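Please read the structure below before turning to the comments.
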Amino acid sequence: MPSLIINGVHIYYEEKGSGEPLIFLHGLGMNMLAHQHEIEGLAAAFHVIAMDLRGHGRSDKPLNYTLQDHIDDVIALMDYLQIKKANLLGCSMGSYIAQGVAIAVPERIEKLILVAAKSNGKTSSTARLLAEHTEETAGLDLQEKVQFLSKYMFHQLDRVGVWMNDFHQTAPLLTEEQQAAANKALEEFDFQSELNRITARTLVIGGSYDGLNPPEEGKLIASIIPSAVFVAFDQSGHAPNIEEPERFIETVKTFLDTSTPMNVLKLIDFYRERLNRCSPEQLSYHSGNIAWSLGQMYDHVIEVSKEYLVNAKACMKNGTMQPQGKTKAGEILFSLGGFPPVKIKLPDEFDSPAMLRKEDLVDGLNQIRGLVMEWQGKVEAADPCSKVKHDGFGWLNAKEWLELVEMHFRHHLRQQAGLERQAGITPSHISSSSLHSSIN
């Protein structure tokens, strides 16, 4: 039984998968068994560490503990497993604990995901909802009360009902005394004044029909944390992971895999510096194992950037005054701040090497840089309702077209490094994260 003792309390945990560490924190009255689907889905790409929080599951259940104890438990587990820096995902009560950890040790949290979250509360949200419906639930036991209140908590009741039934067959409910202790630990917490201390890039997910922690609570959190975005799940209540499971896994994985936005001018300078190291032979090198040459990659990012900039200019001069916005794909792209790290099928013309001159590629990068410098201030002043349509992302304004330039250059950094290795160029030894630190 994998566990550690913190202040005399056994804390049960499990580990699955490999890669970057991702610590998973469950909600009130739950335990890790309630989130097996998400844990399995994320363990395919990450080293997932899931714990039964104190007072829950297979961990000890003292009858007196605090939210600070939960926070200390997570930090102690990181210390025990020698995890210097981790991604942290918390659902409902787990999101409160995650906020506390990210405030206490901001330097140790890489990315933060808060699901069905709030930043403060006089009581637990469950205790508040029970108190509001005391008369209606009189005479019911705890499980019956929770089932009765489901209509106020969730949107897709059938899915949630199956999930709850499966969970209760594998994990016994807390006793009323244990539930009371768990509720009491969440009384009178308030992180609002400290959220600005969080340095982790943060994703806040809220269900549009959540009656426990309404989406306004999540939007407030995202407005205070410096590098945070809010994403609404419009077919969910308090359990987006259960009510929209495929979208939940995709959104979380995309967020965790998407690199942090960078200074676009210095990013272009990095591309120019790397291009200057290439010989003509290295630029045109093409093997059967790779889809395109290094030169083709440079040509691609230049031509796509030119297209984006043409559309930005059109928005500033004669774009359509358009009330319509982005597609769902566009909303996700701009919310998460970058393209997901997926391979895209290339047109047939990329199957054979192209003859591209190095000086033309350098000139192309210089043109892009000059236009970005010229238009950075102008797009900020442009009418945000003047838009040009992107086939995949919907109607975008000048500022958004310019943001796509940075996203697209950043998206190809990993491919650039791989193609350089294939062509025999000395590796840059710069990862996406360290590059971000060095050029911002």
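As shown in the structure tokens, the chain order sets the letters A, B, ...; within each chain, residues go from 1, and ligands are also counted from 1 in the order they appear.
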Please report, as a Markdown table, each residue of range 65-154 of chain A lying at most 6 Å from range 1-25 of chain A, together with the nearest pair of atoms and the separation in Å rounded to one decimal; use only C-alpha atoms, and order rows by chain and ascending residue number.
```
| residue | atom | partner | partner_atom | distance |
| --- | --- | --- | --- | --- |
| A:Ala86 | CA | A:Pro21 | CA | 5.1 |
| A:Asn87 | CA | A:Leu22 | CA | 4.6 |
| A:Leu88 | CA | A:Ile23 | CA | 4.9 |
| A:Leu89 | CA | A:Phe24 | CA | 5.0 |
| A:Gly90 | CA | A:Leu25 | CA | 4.5 |
| A:Gly94 | CA | A:Leu25 | CA | 4.6 |
```
Run DSSP on the backbone of this structure and report the residues of range 27-197 of chain A it assigns to helix (DSSP H, G or I), as a compact mmCIF listing (two decimals) with N, CA and C atoms, in the first residue's frame.
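Full text of selection.txt as output:
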```
# COMPACT_ATOMS: atom_id res chain seq x y z
N MET A 32 -9.60 9.15 -5.34
CA MET A 32 -9.04 8.99 -6.69
C MET A 32 -9.86 8.05 -7.57
N LEU A 33 -10.61 7.10 -6.97
CA LEU A 33 -11.39 6.15 -7.76
C LEU A 33 -12.49 6.85 -8.56
N ALA A 34 -12.92 8.03 -8.12
CA ALA A 34 -13.95 8.77 -8.84
C ALA A 34 -13.43 9.36 -10.14
N HIS A 35 -12.10 9.32 -10.33
CA HIS A 35 -11.51 10.00 -11.49
C HIS A 35 -10.63 9.05 -12.30
N GLN A 36 -10.98 7.77 -12.27
CA GLN A 36 -10.15 6.78 -12.97
C GLN A 36 -10.06 7.07 -14.46
N HIS A 37 -11.16 7.51 -15.07
CA HIS A 37 -11.14 7.77 -16.51
C HIS A 37 -10.14 8.86 -16.87
N GLU A 38 -10.17 9.96 -16.13
CA GLU A 38 -9.25 11.05 -16.41
C GLU A 38 -7.81 10.65 -16.10
N ILE A 39 -7.63 9.94 -15.01
CA ILE A 39 -6.27 9.52 -14.63
C ILE A 39 -5.68 8.61 -15.70
N GLU A 40 -6.47 7.65 -16.17
CA GLU A 40 -5.99 6.75 -17.22
C GLU A 40 -5.70 7.52 -18.50
N GLY A 41 -6.61 8.45 -18.85
CA GLY A 41 -6.42 9.21 -20.08
C GLY A 41 -5.19 10.10 -20.05
N LEU A 42 -4.90 10.68 -18.89
CA LEU A 42 -3.75 11.57 -18.77
C LEU A 42 -2.45 10.81 -18.54
N ALA A 43 -2.54 9.62 -17.95
CA ALA A 43 -1.33 8.82 -17.70
C ALA A 43 -0.69 8.33 -18.99
N LEU A 67 -7.91 23.03 5.85
CA LEU A 67 -7.49 23.17 4.46
C LEU A 67 -5.97 23.28 4.38
N GLN A 68 -5.35 23.93 5.36
CA GLN A 68 -3.89 24.05 5.37
C GLN A 68 -3.23 22.68 5.49
N ASP A 69 -3.86 21.76 6.22
CA ASP A 69 -3.33 20.40 6.30
C ASP A 69 -3.32 19.75 4.92
N HIS A 70 -4.40 19.94 4.16
CA HIS A 70 -4.44 19.41 2.79
C HIS A 70 -3.29 19.98 1.96
N ILE A 71 -3.10 21.29 2.06
CA ILE A 71 -2.04 21.95 1.29
C ILE A 71 -0.67 21.39 1.68
N ASP A 72 -0.45 21.26 2.99
CA ASP A 72 0.84 20.71 3.47
C ASP A 72 1.04 19.28 3.00
N ASP A 73 -0.05 18.51 2.92
CA ASP A 73 0.05 17.12 2.47
C ASP A 73 0.57 17.04 1.04
N VAL A 74 0.05 17.91 0.17
CA VAL A 74 0.48 17.88 -1.24
C VAL A 74 1.96 18.24 -1.35
N ILE A 75 2.38 19.27 -0.64
CA ILE A 75 3.78 19.68 -0.69
C ILE A 75 4.68 18.58 -0.12
N ALA A 76 4.23 17.94 0.97
CA ALA A 76 5.00 16.85 1.56
C ALA A 76 5.12 15.67 0.60
N LEU A 77 4.05 15.38 -0.16
CA LEU A 77 4.12 14.30 -1.14
C LEU A 77 5.12 14.64 -2.23
N MET A 78 5.14 15.88 -2.68
CA MET A 78 6.12 16.30 -3.68
C MET A 78 7.54 16.13 -3.13
N ASP A 79 7.74 16.50 -1.89
CA ASP A 79 9.06 16.34 -1.27
C ASP A 79 9.44 14.87 -1.19
N TYR A 80 8.49 14.04 -0.77
CA TYR A 80 8.74 12.61 -0.59
C TYR A 80 9.11 11.94 -1.92
N MET A 93 -13.13 20.76 -4.47
CA MET A 93 -12.29 20.92 -3.29
C MET A 93 -10.81 20.83 -3.66
N GLY A 94 -10.48 19.94 -4.59
CA GLY A 94 -9.10 19.82 -5.04
C GLY A 94 -8.57 21.11 -5.63
N SER A 95 -9.48 21.91 -6.24
CA SER A 95 -9.04 23.18 -6.81
C SER A 95 -8.71 24.19 -5.72
N TYR A 96 -9.39 24.11 -4.57
CA TYR A 96 -9.05 25.02 -3.46
C TYR A 96 -7.65 24.68 -2.94
N ILE A 97 -7.42 23.39 -2.78
CA ILE A 97 -6.11 22.94 -2.30
C ILE A 97 -5.02 23.33 -3.30
N ALA A 98 -5.32 23.13 -4.59
CA ALA A 98 -4.35 23.47 -5.63
C ALA A 98 -3.99 24.94 -5.61
N GLN A 99 -5.00 25.81 -5.40
CA GLN A 99 -4.71 27.24 -5.29
C GLN A 99 -3.77 27.51 -4.11
N GLY A 100 -4.05 26.87 -2.98
CA GLY A 100 -3.21 27.06 -1.79
C GLY A 100 -1.78 26.62 -2.01
N VAL A 101 -1.60 25.49 -2.72
CA VAL A 101 -0.25 25.00 -3.01
C VAL A 101 0.48 25.97 -3.94
N ALA A 102 -0.22 26.43 -4.99
CA ALA A 102 0.41 27.33 -5.96
C ALA A 102 0.75 28.68 -5.35
N ILE A 103 0.04 29.06 -4.30
CA ILE A 103 0.35 30.30 -3.58
C ILE A 103 1.54 30.07 -2.64
N ALA A 104 1.54 28.91 -1.95
CA ALA A 104 2.58 28.63 -0.96
C ALA A 104 3.94 28.38 -1.60
N PRO A 106 4.96 28.84 -5.27
CA PRO A 106 4.72 29.15 -6.68
C PRO A 106 5.82 28.65 -7.61
N GLU A 107 7.05 28.62 -7.11
CA GLU A 107 8.18 28.19 -7.95
C GLU A 107 8.15 26.70 -8.25
N ARG A 108 7.30 25.94 -7.58
CA ARG A 108 7.27 24.48 -7.78
C ARG A 108 6.09 24.01 -8.64
N SER A 125 -19.12 24.24 -0.51
CA SER A 125 -20.26 24.47 -1.39
C SER A 125 -21.36 23.43 -1.16
N THR A 126 -20.95 22.20 -0.85
CA THR A 126 -21.93 21.15 -0.58
C THR A 126 -22.73 21.48 0.68
N ALA A 127 -22.03 21.93 1.73
CA ALA A 127 -22.72 22.28 2.97
C ALA A 127 -23.69 23.44 2.74
N ARG A 128 -23.28 24.40 1.91
CA ARG A 128 -24.16 25.53 1.60
C ARG A 128 -25.42 25.06 0.89
N LEU A 129 -25.25 24.18 -0.11
CA LEU A 129 -26.40 23.70 -0.88
C LEU A 129 -27.33 22.85 0.00
N LEU A 130 -26.75 22.04 0.88
CA LEU A 130 -27.57 21.24 1.80
C LEU A 130 -28.38 22.16 2.73
N ALA A 131 -27.74 23.22 3.21
CA ALA A 131 -28.43 24.14 4.11
C ALA A 131 -29.57 24.86 3.39
N GLU A 132 -29.39 25.14 2.11
CA GLU A 132 -30.43 25.83 1.35
C GLU A 132 -31.64 24.94 1.09
N LEU A 142 -27.25 10.70 3.85
CA LEU A 142 -26.33 11.57 3.12
C LEU A 142 -26.33 11.26 1.63
N GLN A 143 -26.29 9.97 1.26
CA GLN A 143 -26.27 9.62 -0.16
C GLN A 143 -27.56 10.06 -0.84
N GLU A 144 -28.68 9.87 -0.19
CA GLU A 144 -29.97 10.28 -0.76
C GLU A 144 -30.05 11.80 -0.91
N LYS A 145 -29.48 12.52 0.05
CA LYS A 145 -29.47 13.98 -0.05
C LYS A 145 -28.66 14.44 -1.26
N VAL A 146 -27.49 13.84 -1.44
CA VAL A 146 -26.64 14.21 -2.57
C VAL A 146 -27.34 13.89 -3.89
N GLN A 147 -28.01 12.74 -3.94
CA GLN A 147 -28.73 12.37 -5.17
C GLN A 147 -29.86 13.36 -5.44
N PHE A 148 -30.57 13.79 -4.40
CA PHE A 148 -31.66 14.75 -4.57
C PHE A 148 -31.14 16.09 -5.09
N LEU A 149 -29.98 16.51 -4.60
CA LEU A 149 -29.42 17.80 -4.96
C LEU A 149 -28.70 17.79 -6.31
N SER A 150 -28.58 16.61 -6.92
CA SER A 150 -27.85 16.52 -8.19
C SER A 150 -28.42 17.45 -9.25
N LYS A 151 -29.72 17.65 -9.25
CA LYS A 151 -30.34 18.49 -10.28
C LYS A 151 -29.89 19.95 -10.17
N TYR A 152 -29.41 20.35 -9.00
CA TYR A 152 -28.89 21.70 -8.82
C TYR A 152 -27.39 21.78 -9.11
N MET A 153 -26.75 20.63 -9.19
CA MET A 153 -25.29 20.58 -9.32
C MET A 153 -24.81 20.28 -10.73
N LEU A 157 -27.46 14.67 -16.18
CA LEU A 157 -27.74 13.85 -15.00
C LEU A 157 -27.56 12.36 -15.26
N ASP A 158 -27.87 11.90 -16.46
CA ASP A 158 -27.72 10.46 -16.75
C ASP A 158 -26.26 10.04 -16.63
N ARG A 159 -25.37 10.83 -17.24
CA ARG A 159 -23.94 10.50 -17.17
C ARG A 159 -23.43 10.54 -15.74
N VAL A 160 -23.85 11.57 -15.02
CA VAL A 160 -23.39 11.71 -13.64
C VAL A 160 -23.95 10.59 -12.77
N GLY A 161 -25.19 10.18 -13.05
CA GLY A 161 -25.80 9.10 -12.29
C GLY A 161 -25.04 7.79 -12.44
N VAL A 162 -24.64 7.46 -13.66
CA VAL A 162 -23.85 6.24 -13.91
C VAL A 162 -22.51 6.34 -13.18
N TRP A 163 -21.88 7.51 -13.28
CA TRP A 163 -20.58 7.73 -12.62
C TRP A 163 -20.70 7.55 -11.11
N MET A 164 -21.72 8.17 -10.51
CA MET A 164 -21.89 8.05 -9.06
C MET A 164 -22.17 6.62 -8.64
N ASN A 165 -22.99 5.93 -9.41
CA ASN A 165 -23.29 4.54 -9.09
C ASN A 165 -22.04 3.68 -9.14
N ASP A 166 -21.24 3.85 -10.18
CA ASP A 166 -19.99 3.08 -10.30
C ASP A 166 -19.04 3.42 -9.15
N PHE A 167 -18.97 4.70 -8.80
CA PHE A 167 -18.07 5.11 -7.73
C PHE A 167 -18.49 4.50 -6.40
N HIS A 168 -19.78 4.55 -6.09
CA HIS A 168 -20.24 4.06 -4.79
C HIS A 168 -20.13 2.54 -4.67
N GLN A 169 -20.06 1.85 -5.81
CA GLN A 169 -19.87 0.40 -5.76
C GLN A 169 -18.42 0.03 -5.43
N THR A 170 -17.50 0.95 -5.71
CA THR A 170 -16.08 0.66 -5.46
C THR A 170 -15.53 1.37 -4.23
N GLU A 176 -21.39 10.26 8.28
CA GLU A 176 -21.80 11.65 8.48
C GLU A 176 -20.78 12.41 9.31
N GLU A 177 -20.16 11.74 10.26
CA GLU A 177 -19.15 12.38 11.10
C GLU A 177 -17.91 12.74 10.26
N GLN A 178 -17.50 11.80 9.39
CA GLN A 178 -16.35 12.05 8.53
C GLN A 178 -16.65 13.15 7.51
N GLN A 179 -17.87 13.14 6.97
CA GLN A 179 -18.27 14.17 6.01
C GLN A 179 -18.29 15.55 6.69
N ALA A 180 -18.76 15.59 7.92
CA ALA A 180 -18.80 16.85 8.66
C ALA A 180 -17.39 17.39 8.87
N ALA A 181 -16.44 16.51 9.16
CA ALA A 181 -15.04 16.94 9.35
C ALA A 181 -14.47 17.47 8.03
N ALA A 182 -14.81 16.78 6.93
CA ALA A 182 -14.33 17.23 5.62
C ALA A 182 -14.90 18.59 5.26
N ASN A 183 -16.21 18.80 5.55
CA ASN A 183 -16.84 20.09 5.30
C ASN A 183 -16.20 21.20 6.14
N LYS A 184 -15.97 20.89 7.41
CA LYS A 184 -15.44 21.90 8.34
C LYS A 184 -14.06 22.39 7.91
N GLN A 192 -8.49 35.12 -2.45
CA GLN A 192 -8.57 36.18 -3.45
C GLN A 192 -7.39 37.14 -3.41
N SER A 193 -7.02 37.56 -2.21
CA SER A 193 -5.96 38.57 -2.10
C SER A 193 -4.57 38.01 -2.40
N GLU A 194 -4.46 36.67 -2.53
CA GLU A 194 -3.15 36.05 -2.76
C GLU A 194 -3.01 35.40 -4.13
N LEU A 195 -4.09 35.38 -4.91
CA LEU A 195 -4.04 34.71 -6.21
C LEU A 195 -3.01 35.34 -7.14
N ASN A 196 -2.73 36.63 -6.96
CA ASN A 196 -1.75 37.28 -7.83
C ASN A 196 -0.32 36.80 -7.57
N ARG A 197 -0.12 36.00 -6.53
CA ARG A 197 1.20 35.43 -6.26
C ARG A 197 1.47 34.18 -7.10
```
Just checking: using only C-alpha atoms, which residue out of A:Ala222, A:Leu309, A:Val204, A:Leu365 ends up closest to Asp269 in chain A?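 Using only C-alpha atoms, the shortest distance to Asp269 in chain A belongs to A:Leu365.
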Which residues come within 9 Å of Phe248 in chain A, counting only C-alpha atoms, excluding same-chain residues fewer than 6 positions away, as a CSV table (one decimal) with N, CA, C and O atoms, in the first residue's frame?
```csv
chain,number,residue,atom,x,y,z
A,38,GLU,N,-10.2,10.0,-16.1
A,38,GLU,CA,-9.2,11.0,-16.4
A,38,GLU,C,-7.8,10.7,-16.1
A,38,GLU,O,-6.9,11.0,-16.8
A,205,ILE,N,-11.4,25.8,-15.6
A,205,ILE,CA,-12.5,25.2,-16.3
A,205,ILE,C,-13.8,25.3,-15.5
A,205,ILE,O,-13.8,24.9,-14.3
A,233,PHE,N,-17.4,25.1,-20.1
A,233,PHE,CA,-17.9,23.9,-20.7
A,233,PHE,C,-19.4,24.0,-20.7
A,233,PHE,O,-20.1,23.9,-19.7
A,240,PRO,N,-17.4,18.8,-15.2
A,240,PRO,CA,-17.0,18.8,-16.6
A,240,PRO,C,-16.3,17.6,-17.1
A,240,PRO,O,-16.4,17.1,-18.2
A,241,ASN,N,-15.5,17.0,-16.2
A,241,ASN,CA,-14.7,15.8,-16.5
A,241,ASN,C,-15.6,14.6,-16.8
A,241,ASN,O,-15.2,13.7,-17.5
A,242,ILE,N,-16.8,14.6,-16.2
A,242,ILE,CA,-17.7,13.5,-16.4
A,242,ILE,C,-18.8,13.8,-17.4
A,242,ILE,O,-19.2,13.0,-18.2
```
Please, what distance in Å, to one decimal, runs between CA of Asp299 in chain A and CA of Thr320 in chain A?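 Rounded to one decimal, the two atoms are 29.5 Å apart.
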Of the listed residues A:Trp395, A:Phe339, A:Tyr209, A:Trp375, that which approaches Lys326 in chain A most closely, counting only C-alpha atoms: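 Answer, going by the shortest atom-to-atom distance: A:Trp395.
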